[in-house]
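Novice: Quick one: the structure is below, and I'll ask about it shortly.
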Amino acid sequence: MNVIVITGASSGMGREFALQLDRGLKTIDEFWLIARRADRMKELSGHMRHRVKILPLDLTAEGDISLFGEVLQEERPKIRMLVNCAGYGLIGDFSALSAQEQAGEVMLNCRALMEITHACLPYMKEKSRIIQLASSAAFLPQPGFAVYAATKAFVLSFSRALREELKERGIFVTAVCPGPVQTEFFDVAERYGSVLGIKKYVMAQPERVVRSALAASCKNRPMSVYGPAMNAFWLMTRLLPQDPVLHLTYRMKKKGECRCADPGKDCQTE
Ligand SMILES: NC(=O)c1ccc[n+]([C@@H]2O[C@H](COP(=O)([O-])OP(=O)(O)OC[C@H]3O[C@@H](n4cnc5c(N)ncnc54)[C@H](OP(=O)(O)O)[C@@H]3O)[C@@H](O)[C@H]2O)c1
């Protein structure tokens, strides 16, 4: 049985990957959708032509990834594609946010992505594909979004190394690195702080980001960076010294949050 596994399928880009792949592929028998909200995935399956297996799992909960492993052992599918979309981030200074919530980002964005990939690999054959959702936040550390950016740097680094390791098996890995995308991501991210104003001007639509990611995967590209603004950002992070850029973006962010007359480093914005 040929299957596609998508984590984070209940909303945003995961949902969009399911819809676009459902329209485009004929050799797939079943889609396996993973997220916590089963009702959302059930609603999504109603719009899909393929058979769908809904796996309501909390990928940060001890034991839920083992449950996924048990399903794999029982069904022994051929995984033609794995799309790891589950992820979240919290905007705010590291010391102001709870350690537990930030550890959750590491658990989901890094550990779960890595464990799901490890669980799927024995069921993947030549020409299978892996798409990992990193972010443009992987290109440069982000004060005020520090843990999230670090988790995405992990995803990008891990994906590039894995790609090399899997070349001989003919399994293709693509890391997707979009800038801001209009999804529910910001409902969670902005729980305690707000996004840098400039990012709102480069907000992309999930349909386009996913289309471009699938095209990059088909062409066996290592990375997919959507849009001229993010490609320019990527180039800038390669060419410019990073420390002054970090300093400037953090100052801009603090200035945006500040309501007093003279925003500076002593200003209390929270
Ligand atoms: N939107 C952006 O600006 C942006 C930019 C660059 C990269 N990304 C990355 O792209 C990926 C998809 O994000 P999105 O924009 O599509 O956001 P989204 O709409 O918020 O989707 C996040 C998905 O992750 C799932 N999820 C969250 N916690 C989970 C958990 N504990 N266990 C299992 N699933 C969980 C959510 O489902 P449930 O809540 O139902 O569990 C949801 O389906 C993420 O990795 C994100 O970091 C987003």
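If you're wondering about the labels, chains in the structure tokens are A, B, ... by order shown, residues count from 1 in each chain, ligands from 1 in order shown.
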Based on the backbone DSSP call, show me all residues of stretch 194-260 of chain A assigned alpha helix (DSSP H), as an NGL selection string.
Specialist: :A and (197-201 or 206-218 or 228-239 or 242-257)
Novice: Determine, counting only C-alpha atoms, which protein, DNA and RNA residues have an atom within 8 Å of an atom of A:Val181; residues of the same chain fewer than 2 positions away are not included. Present the result as a short mmCIF file (atom, residue, chain, number, x, y, z; two decimals) with N, CA and C atoms, in the first residue's frame.
Specialist:
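Result file is result00.cif:
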data_model
loop_
_atom_site.label_atom_id
_atom_site.label_comp_id
_atom_site.auth_asym_id
_atom_site.auth_seq_id
_atom_site.Cartn_x
_atom_site.Cartn_y
_atom_site.Cartn_z
N PRO A 178 10.09 28.99 4.22
CA PRO A 178 9.33 30.20 3.88
C PRO A 178 9.54 31.30 4.90
N GLY A 179 9.25 32.52 4.46
CA GLY A 179 9.11 33.62 5.41
C GLY A 179 7.72 33.53 6.01
N THR A 183 -1.26 31.76 8.10
CA THR A 183 -1.90 30.56 8.63
C THR A 183 -2.21 30.81 10.11
N MET A 203 3.97 38.76 3.92
CA MET A 203 3.18 37.56 4.26
C MET A 203 2.75 36.83 2.99
N ALA A 204 3.07 35.54 2.89
CA ALA A 204 2.72 34.76 1.68
C ALA A 204 1.47 33.92 1.93
N GLN A 205 0.86 33.47 0.86
CA GLN A 205 -0.31 32.59 0.96
C GLN A 205 0.15 31.13 0.97
N PRO A 206 -0.46 30.30 1.84
CA PRO A 206 0.00 28.91 1.95
C PRO A 206 -0.07 28.13 0.64
N VAL A 209 3.12 28.85 -1.33
CA VAL A 209 4.33 28.32 -0.68
C VAL A 209 4.39 26.80 -0.88
#
Novice: What residues have any atom no more than 6 Å from ligand 1 when counting only C-alpha atoms and all ligand atoms, and can you list them as number ranges by chain?
Specialist: A: 8-14, 35-37, 57-60, 85-88, 133-135, 178-185
Novice: Hey, what's within 9 Å of A:Val173 if we count only C-alpha atoms and toss same-chain stuff fewer than 5 positions away? As a list in words, please?
Specialist: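 Within the cut-off, the hits are Ser128, Arg129, Ile130, Ile131, Gln132, Ser159, Arg160, Leu162, Arg163, Glu164, Leu166, Lys167, Ser217, Asn220, Arg221, Pro222 and Met223 of chain A.
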Novice: Kindly provide the residues of stretch 71-156 of chain A that approach stretch 224-240 of chain A to within 9 Å, each paired with its closest atom pair and their distance in Å to one decimal, based on only C-alpha atoms, listed by chain and increasing number, as JSON lines.
Specialist:
{"residue": "A:Ser135", "atom": "CA", "partner": "A:Val225", "partner_atom": "CA", "distance": 8.5}
{"residue": "A:Ser136", "atom": "CA", "partner": "A:Met230", "partner_atom": "CA", "distance": 7.1}
{"residue": "A:Phe139", "atom": "CA", "partner": "A:Thr237", "partner_atom": "CA", "distance": 6.5}
{"residue": "A:Leu140", "atom": "CA", "partner": "A:Thr237", "partner_atom": "CA", "distance": 6.6}
Novice: Keeping only all heavy atoms, write the selected residues to a file as a PDB file, in the first residue's frame.
Specialist:
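Okay, this is what ended up in result34.pdb:
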ATOM      1  N   SER A 135      12.219  27.005   7.994  1.00  0.00           N
ATOM      2  CA  SER A 135      11.704  28.380   7.952  1.00  0.00           C
ATOM      3  C   SER A 135      12.852  29.294   7.539  1.00  0.00           C
ATOM      4  O   SER A 135      14.030  28.923   7.690  1.00  0.00           O
ATOM      5  CB  SER A 135      11.214  28.772   9.346  1.00  0.00           C
ATOM      6  OG  SER A 135      11.014  30.165   9.441  1.00  0.00           O
ATOM      7  N   SER A 136      12.524  30.495   7.079  1.00  0.00           N
ATOM      8  CA  SER A 136      13.596  31.471   6.835  1.00  0.00           C
ATOM      9  C   SER A 136      14.232  31.878   8.172  1.00  0.00           C
ATOM     10  O   SER A 136      15.336  32.428   8.200  1.00  0.00           O
ATOM     11  CB  SER A 136      13.059  32.706   6.104  1.00  0.00           C
ATOM     12  OG  SER A 136      12.083  33.323   6.897  1.00  0.00           O
ATOM     13  N   PHE A 139      17.815  30.896   8.857  1.00  0.00           N
ATOM     14  CA  PHE A 139      18.978  31.534   8.213  1.00  0.00           C
ATOM     15  C   PHE A 139      19.783  32.406   9.174  1.00  0.00           C
ATOM     16  O   PHE A 139      20.938  32.698   8.924  1.00  0.00           O
ATOM     17  CB  PHE A 139      18.539  32.423   7.040  1.00  0.00           C
ATOM     18  CG  PHE A 139      17.754  31.714   5.967  1.00  0.00           C
ATOM     19  CD1 PHE A 139      16.884  32.419   5.139  1.00  0.00           C
ATOM     20  CD2 PHE A 139      17.869  30.344   5.787  1.00  0.00           C
ATOM     21  CE1 PHE A 139      16.162  31.774   4.153  1.00  0.00           C
ATOM     22  CE2 PHE A 139      17.139  29.680   4.800  1.00  0.00           C
ATOM     23  CZ  PHE A 139      16.285  30.403   3.983  1.00  0.00           C
ATOM     24  N   LEU A 140      19.104  32.881  10.225  1.00  0.00           N
ATOM     25  CA  LEU A 140      19.727  33.892  11.097  1.00  0.00           C
ATOM     26  C   LEU A 140      19.107  33.772  12.489  1.00  0.00           C
ATOM     27  O   LEU A 140      17.893  33.633  12.592  1.00  0.00           O
ATOM     28  CB  LEU A 140      19.374  35.268  10.511  1.00  0.00           C
ATOM     29  CG  LEU A 140      20.006  36.515  11.102  1.00  0.00           C
ATOM     30  CD1 LEU A 140      21.473  36.606  10.685  1.00  0.00           C
ATOM     31  CD2 LEU A 140      19.274  37.758  10.588  1.00  0.00           C
TER      32      LEU A 140
END
Novice: Show me, as a count of residues only, the residues that have an atom within 6 Å of A:Asn2 when counting only C-alpha atoms, minus same-chain residues fewer than 6 positions from it.
Specialist: 4
Novice: Considering only C-alpha atoms, state which residue in the set A:Phe31, A:Arg15, A:Thr7, A:Lys26 is at the smallest distance from A:Pro56.
Specialist: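 For A:Pro56, the nearest of the given residues is A:Thr7.
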